[in-house]
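Q: File entry39.json below, JSON, C-alpha atoms:
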[["chain", "number", "residue", "atom", "x", "y", "z"],
["A", 1, "MET", "CA", 11.71, -4.87, 23.04],
["A", 2, "THR", "CA", 14.08, -2.76, 21.04],
["A", 3, "ASP", "CA", 17.38, -3.88, 19.58],
["A", 4, "LYS", "CA", 19.15, -0.55, 20.02],
["A", 5, "ALA", "CA", 22.31, -1.37, 18.09],
["A", 6, "LEU", "CA", 20.35, -2.78, 15.14],
["A", 7, "MET", "CA", 17.91, 0.14, 15.17],
["A", 8, "GLU", "CA", 20.74, 2.66, 15.23],
["A", 9, "ARG", "CA", 22.44, 0.93, 12.32],
["A", 10, "ILE", "CA", 19.28, 0.80, 10.22],
["A", 11, "VAL", "CA", 18.23, 4.37, 11.05],
["A", 12, "ARG", "CA", 21.72, 5.67, 10.28],
["A", 13, "PHE", "CA", 21.67, 3.92, 6.91],
["A", 14, "ARG", "CA", 18.15, 5.06, 6.06],
["A", 15, "THR", "CA", 18.73, 8.71, 6.92],
["A", 16, "LYS", "CA", 21.68, 9.09, 4.54],
["A", 17, "ALA", "CA", 20.57, 11.36, 1.72],
["A", 18, "GLU", "CA", 21.27, 8.81, -1.03],
["A", 19, "ASN", "CA", 19.31, 6.06, 0.75],
["A", 20, "GLN", "CA", 16.23, 8.04, 1.63],
["A", 21, "SER", "CA", 12.93, 7.05, 0.11],
["A", 22, "PRO", "CA", 11.33, 10.16, -1.42],
["A", 23, "PHE", "CA", 7.83, 8.89, -0.76],
["A", 24, "GLY", "CA", 8.73, 8.09, 2.85],
["A", 25, "LEU", "CA", 9.85, 11.70, 3.24],
["A", 26, "TYR", "CA", 6.68, 12.97, 1.59],
["A", 27, "LEU", "CA", 4.53, 11.01, 4.05],
["A", 28, "GLY", "CA", 6.73, 11.87, 7.03],
["A", 29, "LEU", "CA", 7.26, 8.17, 7.71],
["A", 30, "GLU", "CA", 9.31, 7.69, 10.86],
["A", 31, "ILE", "CA", 10.99, 4.57, 12.25],
["A", 32, "ILE", "CA", 9.97, 4.35, 15.88],
["A", 33, "ASP", "CA", 11.07, 0.85, 16.80],
["A", 34, "ILE", "CA", 13.29, -1.94, 15.48],
["A", 35, "ASP", "CA", 13.88, -5.35, 16.98],
["A", 36, "LYS", "CA", 15.22, -8.52, 15.38],
["A", 37, "GLY", "CA", 12.69, -9.29, 12.65],
["A", 38, "GLU", "CA", 10.35, -6.54, 13.78],
["A", 39, "ALA", "CA", 9.78, -2.94, 12.77],
["A", 40, "THR", "CA", 7.31, -0.20, 13.67],
["A", 41, "LEU", "CA", 6.73, 2.97, 11.69],
["A", 42, "ALA", "CA", 4.64, 6.06, 12.38],
["A", 43, "VAL", "CA", 2.75, 8.03, 9.73],
["A", 44, "PRO", "CA", 1.37, 11.41, 10.79],
["A", 45, "TYR", "CA", -2.18, 12.25, 9.72],
["A", 46, "ALA", "CA", -2.50, 14.45, 6.65],
["A", 47, "LYS", "CA", -5.79, 15.84, 5.39],
["A", 48, "HIS", "CA", -4.66, 15.86, 1.76],
["A", 49, "LEU", "CA", -4.19, 12.07, 1.84],
["A", 50, "ALA", "CA", -7.78, 11.30, 2.81],
["A", 51, "GLY", "CA", -9.80, 8.91, 0.67],
["A", 52, "ASN", "CA", -13.05, 10.68, 1.41],
["A", 53, "SER", "CA", -13.13, 14.42, 2.01],
["A", 54, "LEU", "CA", -16.37, 14.20, 4.02],
["A", 55, "THR", "CA", -15.08, 11.81, 6.67],
["A", 56, "GLY", "CA", -11.38, 12.73, 6.42],
["A", 57, "VAL", "CA", -10.44, 9.05, 6.76],
["A", 58, "LEU", "CA", -7.02, 8.26, 5.25],
["A", 59, "HIS", "CA", -7.09, 6.51, 1.88],
["A", 60, "GLY", "CA", -6.35, 2.79, 1.86],
["A", 61, "GLY", "CA", -3.33, 3.50, -0.33],
["A", 62, "ILE", "CA", -1.62, 5.21, 2.60],
["A", 63, "ILE", "CA", -2.26, 2.21, 4.84],
["A", 64, "THR", "CA", -0.91, -0.01, 2.04],
["A", 65, "THR", "CA", 2.21, 2.14, 1.74],
["A", 66, "SER", "CA", 2.93, 2.19, 5.46],
["A", 67, "LEU", "CA", 2.35, -1.57, 5.83],
["A", 68, "ASP", "CA", 4.51, -2.33, 2.78],
["A", 69, "SER", "CA", 7.26, -0.17, 4.31],
["A", 70, "ALA", "CA", 6.96, -1.67, 7.80],
["A", 71, "CYS", "CA", 6.88, -5.25, 6.48],
["A", 72, "GLY", "CA", 9.86, -4.57, 4.22],
["A", 73, "LEU", "CA", 11.77, -2.99, 7.08],
["A", 74, "SER", "CA", 11.06, -5.99, 9.32],
["A", 75, "VAL", "CA", 12.72, -8.16, 6.67],
["A", 76, "ILE", "CA", 15.77, -5.88, 6.77],
["A", 77, "ALA", "CA", 15.66, -6.17, 10.57],
["A", 78, "ALA", "CA", 15.55, -9.97, 10.26],
["A", 79, "LEU", "CA", 18.42, -10.02, 7.79],
["A", 80, "GLY", "CA", 20.34, -7.71, 10.10],
["A", 81, "GLU", "CA", 21.92, -5.67, 7.38],
["A", 82, "PRO", "CA", 20.68, -3.39, 4.62],
["A", 83, "THR", "CA", 20.10, -5.46, 1.52],
["A", 84, "THR", "CA", 17.81, -5.28, -1.48],
["A", 85, "ILE", "CA", 14.40, -6.90, -1.32],
["A", 86, "ALA", "CA", 11.30, -6.83, -3.49],
["A", 87, "THR", "CA", 7.66, -7.30, -2.46],
["A", 88, "LEU", "CA", 6.21, -10.43, -4.04],
["A", 89, "ASP", "CA", 2.72, -10.05, -2.70],
["A", 90, "LEU", "CA", 0.86, -8.11, -0.09],
["A", 91, "ARG", "CA", -2.61, -8.78, 1.24],
["A", 92, "ILE", "CA", -4.35, -6.20, 3.36],
["A", 93, "ASP", "CA", -7.58, -6.65, 5.28],
["A", 94, "TYR", "CA", -9.18, -3.41, 6.34],
["A", 95, "LEU", "CA", -10.65, -4.11, 9.76],
["A", 96, "LYS", "CA", -12.08, -0.69, 10.48],
["A", 97, "PRO", "CA", -11.68, 2.87, 9.19],
["A", 98, "ALA", "CA", -8.77, 4.90, 10.54],
["A", 99, "SER", "CA", -9.83, 7.76, 12.81],
["A", 100, "PRO", "CA", -9.00, 11.13, 11.25],
["A", 101, "GLU", "CA", -6.39, 13.39, 12.88],
["A", 102, "GLU", "CA", -4.63, 10.46, 14.55],
["A", 103, "THR", "CA", -1.19, 9.04, 13.77],
["A", 104, "VAL", "CA", -1.16, 5.62, 12.11],
["A", 105, "PHE", "CA", 1.40, 3.05, 13.25],
["A", 106, "ALA", "CA", 2.45, 0.20, 11.00],
["A", 107, "TYR", "CA", 4.09, -2.86, 12.50],
["A", 108, "GLY", "CA", 5.77, -5.63, 10.53],
["A", 109, "HIS", "CA", 6.99, -8.99, 11.81],
["A", 110, "CYS", "CA", 9.23, -11.14, 9.64],
["A", 111, "TYR", "CA", 8.73, -14.60, 11.12],
["A", 112, "LYS", "CA", 10.56, -16.74, 8.57],
["A", 113, "VAL", "CA", 13.55, -16.21, 6.35],
["A", 114, "THR", "CA", 14.56, -18.70, 3.67],
["A", 115, "LYS", "CA", 17.33, -18.51, 1.10],
["A", 116, "ASN", "CA", 15.28, -16.44, -1.33],
["A", 117, "VAL", "CA", 11.97, -15.59, 0.26],
["A", 118, "CYS", "CA", 10.90, -13.93, 3.55],
["A", 119, "PHE", "CA", 7.46, -14.28, 5.16],
["A", 120, "VAL", "CA", 5.92, -11.40, 7.04],
["A", 121, "ARG", "CA", 2.78, -10.38, 8.78],
["A", 122, "GLY", "CA", 1.85, -6.97, 10.02],
["A", 123, "ILE", "CA", -0.82, -4.74, 11.46],
["A", 124, "ALA", "CA", -1.70, -1.07, 11.27],
["A", 125, "TYR", "CA", -3.15, 0.57, 14.38],
["A", 126, "GLN", "CA", -3.72, 3.95, 15.94],
["A", 127, "LYS", "CA", -3.88, 4.50, 19.70],
["A", 128, "ASP", "CA", -4.29, 0.88, 20.71],
["A", 129, "LYS", "CA", -2.19, -1.90, 19.23],
["A", 130, "ALA", "CA", -4.78, -4.41, 20.41],
["A", 131, "LYS", "CA", -7.37, -2.77, 18.13],
["A", 132, "PRO", "CA", -5.76, -2.85, 14.67],
["A", 133, "ILE", "CA", -7.28, -0.98, 11.74],
["A", 134, "ALA", "CA", -5.70, -3.30, 9.17],
["A", 135, "ASN", "CA", -4.00, -6.67, 8.97],
["A", 136, "ALA", "CA", -1.32, -7.54, 6.41],
["A", 137, "THR", "CA", 0.33, -10.69, 5.08],
["A", 138, "ALA", "CA", 3.29, -10.28, 2.78],
["A", 139, "THR", "CA", 6.14, -12.19, 1.16],
["A", 140, "PHE", "CA", 9.38, -10.64, 0.04],
["A", 141, "MET", "CA", 12.09, -11.81, -2.31],
["A", 142, "ILE", "CA", 15.70, -11.24, -1.37],
["A", 143, "THR", "CA", 17.16, -9.80, -4.54],
["A", 144, "ALA", "CA", 20.78, -9.64, -3.34],
["A", 145, "LYS", "CA", 22.15, -13.17, -3.70],
["A", 146, "GLY", "CA", 23.38, -15.19, -0.77],
["A", 147, "THR", "CA", 21.94, -13.06, 2.03],
["A", 148, "GLY", "CA", 19.11, -15.23, 3.30],
["A", 149, "ARG", "CA", 20.73, -18.44, 4.47],
["A", 150, "GLN", "CA", 23.22, -16.89, 6.88],
["A", 151, "VAL", "CA", 20.71, -14.79, 8.73],
["A", 152, "GLN", "CA", 17.97, -17.29, 9.51],
["A", 153, "LYS", "CA", 18.82, -16.91, 13.20],
["A", 154, "ASN", "CA", 17.54, -13.35, 13.24],
["A", 155, "ALA", "CA", 13.98, -14.15, 12.17],
["A", 156, "GLN", "CA", 11.65, -14.46, 15.14],
["A", 157, "PRO", "CA", 9.39, -17.49, 14.67],
["A", 158, "LEU", "CA", 5.68, -17.22, 15.24],
["A", 159, "PRO", "CA", 4.37, -18.33, 18.62],
["A", 160, "ALA", "CA", 2.64, -21.72, 18.74],
["A", 161, "ALA", "CA", -0.68, -21.86, 16.91],
["A", 162, "GLY", "CA", -3.38, -19.85, 18.65],
["A", 163, "GLY", "CA", -0.89, -18.01, 20.85],
["A", 164, "PRO", "CA", -0.74, -14.25, 21.09],
["A", 165, "THR", "CA", 1.41, -12.30, 18.62],
["A", 166, "LYS", "CA", 2.76, -10.32, 21.64],
["B", 1, "MET", "CA", -22.36, 18.18, -4.47],
["B", 2, "ASN", "CA", -22.90, 14.69, -3.11],
["B", 3, "PHE", "CA", -21.09, 11.71, -4.49],
["B", 4, "MET", "CA", -23.90, 10.48, -6.72],
["B", 5, "GLU", "CA", -24.17, 13.84, -8.47],
["B", 6, "LEU", "CA", -20.41, 13.97, -8.79],
["B", 7, "ILE", "CA", -20.15, 10.61, -10.53],
["B", 8, "LYS", "CA", -23.12, 11.47, -12.78],
["B", 9, "ARG", "CA", -21.47, 14.74, -13.73],
["B", 10, "ALA", "CA", -18.16, 12.97, -14.39],
["B", 11, "LYS", "CA", -19.86, 10.47, -16.71],
["B", 12, "GLU", "CA", -21.75, 13.17, -18.60],
["B", 13, "THR", "CA", -18.75, 15.40, -19.13],
["B", 14, "GLU", "CA", -16.29, 12.47, -19.37],
["B", 15, "ASP", "CA", -14.17, 14.50, -16.98],
["B", 16, "PHE", "CA", -13.32, 12.33, -14.02],
["B", 17, "SER", "CA", -10.93, 14.83, -12.47],
["B", 18, "ILE", "CA", -13.83, 16.25, -10.46],
["B", 19, "LEU", "CA", -13.76, 13.03, -8.41],
["B", 20, "SER", "CA", -10.66, 14.37, -6.69],
["B", 21, "GLN", "CA", -12.93, 16.92, -4.97],
["B", 22, "LYS", "CA", -14.24, 14.00, -3.00],
["B", 23, "ILE", "CA", -10.99, 12.03, -2.85],
["B", 24, "PRO", "CA", -8.02, 14.22, -1.77],
["B", 25, "TYR", "CA", -5.64, 11.23, -2.14],
["B", 26, "MET", "CA", -6.20, 11.24, -5.92],
["B", 27, "LYS", "CA", -5.05, 14.82, -6.26],
["B", 28, "SER", "CA", -2.10, 14.50, -3.85],
["B", 29, "LEU", "CA", -0.67, 11.48, -5.65],
["B", 30, "GLY", "CA", -1.56, 12.60, -9.14],
["B", 31, "ILE", "CA", -4.11, 9.94, -10.07],
["B", 32, "GLU", "CA", -6.19, 10.66, -13.19],
["B", 33, "VAL", "CA", -9.10, 8.81, -14.75],
["B", 34, "HIS", "CA", -9.78, 8.76, -18.48],
["B", 35, "GLN", "CA", -12.45, 7.07, -20.52],
["B", 36, "TYR", "CA", -11.63, 5.42, -23.83],
["B", 37, "GLY", "CA", -14.85, 4.24, -25.40],
["B", 38, "GLY", "CA", -16.39, 2.14, -22.66],
["B", 39, "LEU", "CA", -13.06, 1.55, -20.97],
["B", 40, "LEU", "CA", -11.97, 3.35, -17.81],
["B", 41, "ILE", "CA", -8.23, 3.77, -17.37],
["B", 42, "THR", "CA", -6.88, 5.07, -14.06],
["B", 43, "THR", "CA", -3.39, 6.54, -14.32],
["B", 44, "LEU", "CA", -0.78, 7.40, -11.72],
["B", 45, "LYS", "CA", 1.26, 10.19, -13.28],
["B", 46, "ALA", "CA", 5.05, 9.91, -13.14],
["B", 47, "ASP", "CA", 6.39, 11.94, -10.22],
["B", 48, "PRO", "CA", 9.78, 11.59, -8.43],
["B", 49, "LYS", "CA", 8.10, 12.03, -5.04],
["B", 50, "LEU", "CA", 6.38, 8.62, -5.50],
["B", 51, "THR", "CA", 9.76, 6.84, -5.43],
["B", 52, "GLY", "CA", 10.14, 4.17, -2.76],
["B", 53, "ASN", "CA", 13.48, 2.68, -3.80],
["B", 54, "PRO", "CA", 15.92, 5.51, -4.56],
["B", 55, "TRP", "CA", 18.60, 3.26, -6.05],
["B", 56, "ILE", "CA", 16.72, 1.95, -9.11],
["B", 57, "PRO", "CA", 14.69, 4.33, -8.79],
["B", 58, "ALA", "CA", 11.33, 2.57, -8.50],
["B", 59, "LEU", "CA", 7.80, 3.47, -7.44],
["B", 60, "HIS", "CA", 6.90, 2.68, -3.84],
["B", 61, "GLY", "CA", 4.92, -0.57, -3.74],
["B", 62, "GLY", "CA", 2.29, 1.16, -1.63],
["B", 63, "ASN", "CA", 1.63, 3.66, -4.40],
["B", 64, "ILE", "CA", 1.15, 0.84, -6.88],
["B", 65, "GLY", "CA", -1.28, -0.77, -4.42],
["B", 66, "GLY", "CA", -2.98, 2.59, -3.90],
["B", 67, "LEU", "CA", -3.50, 3.05, -7.64],
["B", 68, "LEU", "CA", -4.90, -0.47, -8.04],
["B", 69, "GLU", "CA", -7.34, 0.06, -5.18],
["B", 70, "MET", "CA", -8.34, 3.44, -6.60],
["B", 71, "ALA", "CA", -8.95, 1.92, -10.06],
["B", 72, "ALA", "CA", -11.29, -0.66, -8.54],
["B", 73, "ILE", "CA", -13.21, 1.98, -6.56],
["B", 74, "VAL", "CA", -13.56, 4.26, -9.60],
["B", 75, "GLN", "CA", -14.80, 1.36, -11.76],
["B", 76, "LEU", "CA", -17.38, 0.31, -9.16],
["B", 77, "ALA", "CA", -18.55, 3.88, -8.67],
["B", 78, "HIS", "CA", -18.79, 4.30, -12.43],
["B", 79, "ASP", "CA", -20.84, 1.13, -12.94],
["B", 80, "GLN", "CA", -23.35, 1.77, -10.23],
["B", 81, "GLU", "CA", -24.35, 5.19, -9.00],
["B", 82, "SER", "CA", -24.68, 5.22, -5.25],
["B", 83, "ASP", "CA", -24.64, 7.67, -2.39],
["B", 84, "ASP", "CA", -21.14, 6.97, -1.30],
["B", 85, "LEU", "CA", -17.87, 5.38, -2.36],
["B", 86, "PRO", "CA", -17.54, 1.58, -2.12],
["B", 87, "ARG", "CA", -15.50, 0.57, 0.92],
["B", 88, "THR", "CA", -12.50, -1.71, 0.64],
["B", 89, "ILE", "CA", -12.75, -4.96, 2.58],
["B", 90, "ASN", "CA", -9.42, -6.39, 1.45],
["B", 91, "ILE", "CA", -6.95, -6.32, -1.38],
["B", 92, "THR", "CA", -4.22, -8.74, -2.45],
["B", 93, "VAL", "CA", -1.51, -7.24, -4.60],
["B", 94, "GLU", "CA", 0.98, -9.29, -6.59],
["B", 95, "TYR", "CA", 4.05, -7.41, -7.63],
["B", 96, "LEU", "CA", 5.27, -8.71, -10.97],
["B", 97, "ARG", "CA", 7.77, -6.19, -12.30],
["B", 98, "THR", "CA", 9.60, -3.08, -11.16],
["B", 99, "GLY", "CA", 7.46, 0.04, -11.43],
["B", 100, "PHE", "CA", 9.69, 2.73, -12.89],
["B", 101, "ILE", "CA", 9.08, 6.45, -12.50],
["B", 102, "LYS", "CA", 6.81, 6.54, -15.52],
["B", 103, "ASP", "CA", 3.04, 6.82, -15.94],
["B", 104, "LEU", "CA", 1.34, 3.72, -14.54],
["B", 105, "HIS", "CA", -2.04, 2.75, -16.03],
["B", 106, "ALA", "CA", -4.63, 0.50, -14.41],
["B", 107, "LYS", "CA", -7.70, -1.28, -15.74],
["B", 108, "ALA", "CA", -10.27, -2.88, -13.45],
["B", 109, "LEU", "CA", -12.53, -5.84, -14.17],
["B", 110, "VAL", "CA", -15.51, -6.44, -11.92],
["B", 111, "THR", "CA", -15.65, -10.24, -11.80],
["B", 112, "LYS", "CA", -18.76, -10.39, -9.66],
["B", 113, "ARG", "CA", -21.06, -7.82, -8.22],
["B", 114, "GLY", "CA", -23.22, -9.10, -5.44],
["B", 115, "ARG", "CA", -25.81, -7.13, -3.55],
["B", 116, "ARG", "CA", -23.37, -6.19, -0.84],
["B", 117, "VAL", "CA", -19.93, -7.33, -1.95],
["B", 118, "ALA", "CA", -18.15, -6.89, -5.27],
["B", 119, "ASN", "CA", -15.11, -8.86, -6.43],
["B", 120, "VAL", "CA", -12.71, -6.89, -8.59],
["B", 121, "GLN", "CA", -9.50, -7.69, -10.43],
["B", 122, "VAL", "CA", -7.12, -4.94, -11.54],
["B", 123, "GLN", "CA", -3.97, -4.97, -13.62],
["B", 124, "CYS", "CA", -1.51, -2.14, -14.15],
["B", 125, "TRP", "CA", 1.26, -1.58, -16.68],
["B", 126, "GLN", "CA", 3.62, 1.09, -17.94],
["B", 127, "ASP", "CA", 4.62, 0.81, -21.60],
["B", 128, "ASP", "CA", 3.16, -2.51, -22.65],
["B", 129, "PRO", "CA", -0.26, -3.73, -21.41],
["B", 130, "ASP", "CA", 1.01, -7.30, -21.91],
["B", 131, "LYS", "CA", 3.75, -6.73, -19.34],
["B", 132, "PRO", "CA", 1.84, -5.97, -16.15],
["B", 133, "VAL", "CA", 3.72, -4.30, -13.29],
["B", 134, "ALA", "CA", 1.27, -5.60, -10.70],
["B", 135, "SER", "CA", -2.12, -7.21, -10.39],
["B", 136, "MET", "CA", -4.67, -7.05, -7.61],
["B", 137, "HIS", "CA", -7.84, -8.74, -6.57],
["B", 138, "GLY", "CA", -10.03, -7.37, -3.88],
["B", 139, "HIS", "CA", -13.41, -7.33, -2.18],
["B", 140, "PHE", "CA", -15.43, -4.16, -1.79],
["B", 141, "LEU", "CA", -18.46, -3.40, 0.29],
["B", 142, "MET", "CA", -21.13, -1.59, -1.71],
["B", 143, "SER", "CA", -23.08, 1.08, 0.08]]
Using structure tokens, write down the structure from this file.

A:
Amino acid sequence: MTDKALMERIVRFRTKAENQSPFGLYLGLEIIDIDKGEATLAVPYAKHLAGNSLTGVLHGGIITTSLDSACGLSVIAALGEPTTIATLDLRIDYLKPASPEETVFAYGHCYKVTKNVCFVRGIAYQKDKAKPIANATATFMITAKGTGRQVQKNAQPLPAAGGPTK
Amino acid sequence: MNFMELIKRAKETEDFSILSQKIPYMKSLGIEVHQYGGLLITTLKADPKLTGNPWIPALHGGNIGGLLEMAAIVQLAHDQESDDLPRTINITVEYLRTGFIKDLHAKALVTKRGRRVANVQVQCWQDDPDKPVASMHGHFLMS
């Protein structure tokens, strides 16, 4: 599902010259989907960002960057308005190597917002979302005061234990 | 040149920049490795393109994570010559302070090296080593 109005608002804000992230531009990071508390980004393959020139597999740092961005953006999507947040911690499990030449998608899901801290999980995948290349768990701090409490309604809770992530 | 020869050459000449032949990411981001006595320091050179937050401006958290992971890999490759690079199983990064657009230095500590898996801790800082910008611990699969 896509929240069109929210996505439009976030994309419009992010594409203003003064709000653009230089490293996002360098990578060619593109927002492809936004829903309440959810965000998906696409990162095109680039040979010069490989971690091993023999295999051409993207370096883990690029997966880290795209997951950090997607998780952060899902927090913005949960808060419903652009605000300032900071990553507290980020854990990434590399499930399998990324295939060279293929676009990487990073998906973040902010499932809980509290007054100061937001909890997120995410995955990175290529062609098939059911076969992720990496799994992420992150927490973010809301650095702008007073934003968290009002927007709890926007966070999409996790399904019951053992259920699918959708 | 295969990886084992590359790392041997780097150690002999104390010039670790040749590692970027094997790791394009190092060159693209501007990651350098220097040896001070027995200590390996991996540095992400200041560059405006690495900015994630344009308002502060601050380094993108992913680049900090990328440097920390790189520092661990370089340290493991340095300690034990093998045919290929260690592979990352997982990393956990704690962000402690804002990373400004300044050189960011990282130092890795191999806490345990098993036959197949190594546990590594890495810290990075900008001006003062006692004020870390981020720390990481991770598991790496040795080839």

Q: Considering all atoms listed in the file, state which residue in the set B:Asp47, B:Glu12, B:Glu94, B:Asp83 is at the smallest distance from chain A.

A: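 Counting all atoms listed in the file, the residue closest to chain A is B:Glu94.
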
Q: For range 40-43 of chain A, please output as a list in words all residues within 8 Å (counting all atoms listed in the file; exclusion window: fewer than 4 positions along the same chain).

A: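 Neighbouring residues, sequence-local ones excluded: Leu27, Gly28, Leu29, Glu30, Ile31, Ile32, Asp33, Ile34, Ser66, Ala70, Thr103, Val104, Phe105, Ala106, Tyr107 and Gly108 of chain A.
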
Q: Kindly export the residues of the current selection with C-alpha atoms, as a PDB file, keeping the file's coordinate frame.

A:
ATOM      1  CA  LEU A  27       4.530  11.010   4.050  1.00  0.00           C
ATOM      2  CA  GLY A  28       6.730  11.870   7.030  1.00  0.00           C
ATOM      3  CA  LEU A  29       7.260   8.170   7.710  1.00  0.00           C
ATOM      4  CA  GLU A  30       9.310   7.690  10.860  1.00  0.00           C
ATOM      5  CA  ILE A  31      10.990   4.570  12.250  1.00  0.00           C
ATOM      6  CA  ILE A  32       9.970   4.350  15.880  1.00  0.00           C
ATOM      7  CA  ASP A  33      11.070   0.850  16.800  1.00  0.00           C
ATOM      8  CA  ILE A  34      13.290  -1.940  15.480  1.00  0.00           C
ATOM      9  CA  SER A  66       2.930   2.190   5.460  1.00  0.00           C
ATOM     10  CA  ALA A  70       6.960  -1.670   7.800  1.00  0.00           C
ATOM     11  CA  THR A 103      -1.190   9.040  13.770  1.00  0.00           C
ATOM     12  CA  VAL A 104      -1.160   5.620  12.110  1.00  0.00           C
ATOM     13  CA  PHE A 105       1.400   3.050  13.250  1.00  0.00           C
ATOM     14  CA  ALA A 106       2.450   0.200  11.000  1.00  0.00           C
ATOM     15  CA  TYR A 107       4.090  -2.860  12.500  1.00  0.00           C
ATOM     16  CA  GLY A 108       5.770  -5.630  10.530  1.00  0.00           C
TER      17      GLY A 108
END

Q: Measuring atom to atom with only C-alpha atoms, identify which of A:Glu81, A:Asp3, A:Glu38, A:Glu18 is nearest to chain B.

A: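 Checking each of A:Glu81, A:Asp3, A:Glu38, A:Glu18 against chain B, counting only C-alpha atoms, the winner is A:Glu18.
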
Q: Given the choices B:Leu50, B:Ile89, B:Ala71, B:Val117, which gets closest to Thr65 in chain A if the distance is worked out from only C-alpha atoms?

A: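 Closest to Thr65 in chain A of all the choices is B:Leu50.
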
Q: Go ahead and compute the interatomic distance for CA of Asp84 in chain B and CA of Ser17 in chain B, in Å to one decimal.

A: 17.1 Å

Q: Which one is closest to chain B: A:Leu49, A:Leu6, A:Leu73, A:Ala130? Count all atoms listed in the file.

A: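 For chain B, the nearest of the given residues is A:Leu49.
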
Q: Give as a tab-separated table (two decimals) with C-alpha atoms, in the frame of the given file every residue of chain B that touches chain A within 9 Å, counting all atoms listed in the file.

A:
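Okay, this is what ended up in part24.tsv:
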chain	number	residue	atom	x	y	z
B	21	GLN	CA	-12.93	16.92	-4.97
B	22	LYS	CA	-14.24	14.00	-3.00
B	23	ILE	CA	-10.99	12.03	-2.85
B	24	PRO	CA	-8.02	14.22	-1.77
B	25	TYR	CA	-5.64	11.23	-2.14
B	26	MET	CA	-6.20	11.24	-5.92
B	27	LYS	CA	-5.05	14.82	-6.26
B	28	SER	CA	-2.10	14.50	-3.85
B	29	LEU	CA	-0.67	11.48	-5.65
B	48	PRO	CA	9.78	11.59	-8.43
B	49	LYS	CA	8.10	12.03	-5.04
B	50	LEU	CA	6.38	8.62	-5.50
B	51	THR	CA	9.76	6.84	-5.43
B	52	GLY	CA	10.14	4.17	-2.76
B	53	ASN	CA	13.48	2.68	-3.80
B	54	PRO	CA	15.92	5.51	-4.56
B	55	TRP	CA	18.60	3.26	-6.05
B	59	LEU	CA	7.80	3.47	-7.44
B	60	HIS	CA	6.90	2.68	-3.84
B	61	GLY	CA	4.92	-0.57	-3.74
B	62	GLY	CA	2.29	1.16	-1.63
B	63	ASN	CA	1.63	3.66	-4.40
B	64	ILE	CA	1.15	0.84	-6.88
B	65	GLY	CA	-1.28	-0.77	-4.42
B	66	GLY	CA	-2.98	2.59	-3.90
B	67	LEU	CA	-3.50	3.05	-7.64
B	68	LEU	CA	-4.90	-0.47	-8.04
B	69	GLU	CA	-7.34	0.06	-5.18
B	70	MET	CA	-8.34	3.44	-6.60
B	85	LEU	CA	-17.87	5.38	-2.36
B	88	THR	CA	-12.50	-1.71	0.64
B	89	ILE	CA	-12.75	-4.96	2.58
B	90	ASN	CA	-9.42	-6.39	1.45
B	91	ILE	CA	-6.95	-6.32	-1.38
B	92	THR	CA	-4.22	-8.74	-2.45
B	93	VAL	CA	-1.51	-7.24	-4.60
B	94	GLU	CA	0.98	-9.29	-6.59
B	95	TYR	CA	4.05	-7.41	-7.63
B	96	LEU	CA	5.27	-8.71	-10.97
B	98	THR	CA	9.60	-3.08	-11.16

Q: Just give me the gap between CA of Gln121 in chain B and CA of Lys107 in chain B in Å, one decimal is fine.

A: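 So the two atoms, CA of Gln121 in chain B and CA of Lys107 in chain B, lie 8.5 Å apart.
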
Q: What does the distance between CA of Arg113 in chain B and CA of Ala98 in chain A come to in Å, to one decimal place?

A: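 We find that CA of Arg113 in chain B and CA of Ala98 in chain A lie 25.8 Å from each other.
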
Q: Could you pull out every residue with an atom within 8 Å of (-18.2, -5.6, -4.2), file coordinates, counting only C-alpha atoms, and send them as number ranges by chain?

A: B: 76, 86, 112-120, 139-142

Q: Leaving out Ser82 in chain B and any residue of its chain fewer than 3 positions from it, which residues lie within 10 Å of it when counting only C-alpha atoms, given as a PyMOL selection string?

A: chain B and resi 2-5+7-8+76-79+85-86+142-143

Q: Taking (18.3, -3.2, 7.2) in the coordinates of the supplied file, I want to know which residues reach to within 9 Å of it, counting all atoms listed in the file; could you give the answer as a tab-separated table (two decimals) with C-alpha atoms, in the coordinates of the input?

A:
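Below is the file that was written, part-v1.tsv:
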chain	number	residue	atom	x	y	z
A	6	LEU	CA	20.35	-2.78	15.14
A	7	MET	CA	17.91	0.14	15.17
A	9	ARG	CA	22.44	0.93	12.32
A	10	ILE	CA	19.28	0.80	10.22
A	11	VAL	CA	18.23	4.37	11.05
A	13	PHE	CA	21.67	3.92	6.91
A	14	ARG	CA	18.15	5.06	6.06
A	73	LEU	CA	11.77	-2.99	7.08
A	74	SER	CA	11.06	-5.99	9.32
A	75	VAL	CA	12.72	-8.16	6.67
A	76	ILE	CA	15.77	-5.88	6.77
A	77	ALA	CA	15.66	-6.17	10.57
A	78	ALA	CA	15.55	-9.97	10.26
A	79	LEU	CA	18.42	-10.02	7.79
A	80	GLY	CA	20.34	-7.71	10.10
A	81	GLU	CA	21.92	-5.67	7.38
A	82	PRO	CA	20.68	-3.39	4.62
A	83	THR	CA	20.10	-5.46	1.52
A	84	THR	CA	17.81	-5.28	-1.48

Q: Looking at all atoms listed in the file, which of B:Val74, B:Ile101, B:Val33, B:Leu6 is the one that sits closest to Ala46 in chain B?

A: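 Ranking B:Val74, B:Ile101, B:Val33, B:Leu6 by distance to Ala46 in chain B, first place goes to B:Ile101.
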
Q: For each of B:Lys11, B:Asp128, B:Leu44, B:Leu19, take the minimum atom-to-atom distance to Arg97 in chain B, counting only C-alpha atoms, then give the residue where this is smallest.

A: B:Asp128

Q: Using all atoms of range 40-58 of chain A listed in the file and a margin of 4 Å per side, can you give the axis-aligned box centre and edge lengths in Å to one decimal, as AutoDock Vina command-line options?

A:
--center_x -4.5 --center_y 7.8 --center_z 7.2 --size_x 31.7 --size_y 24.1 --size_z 21.0
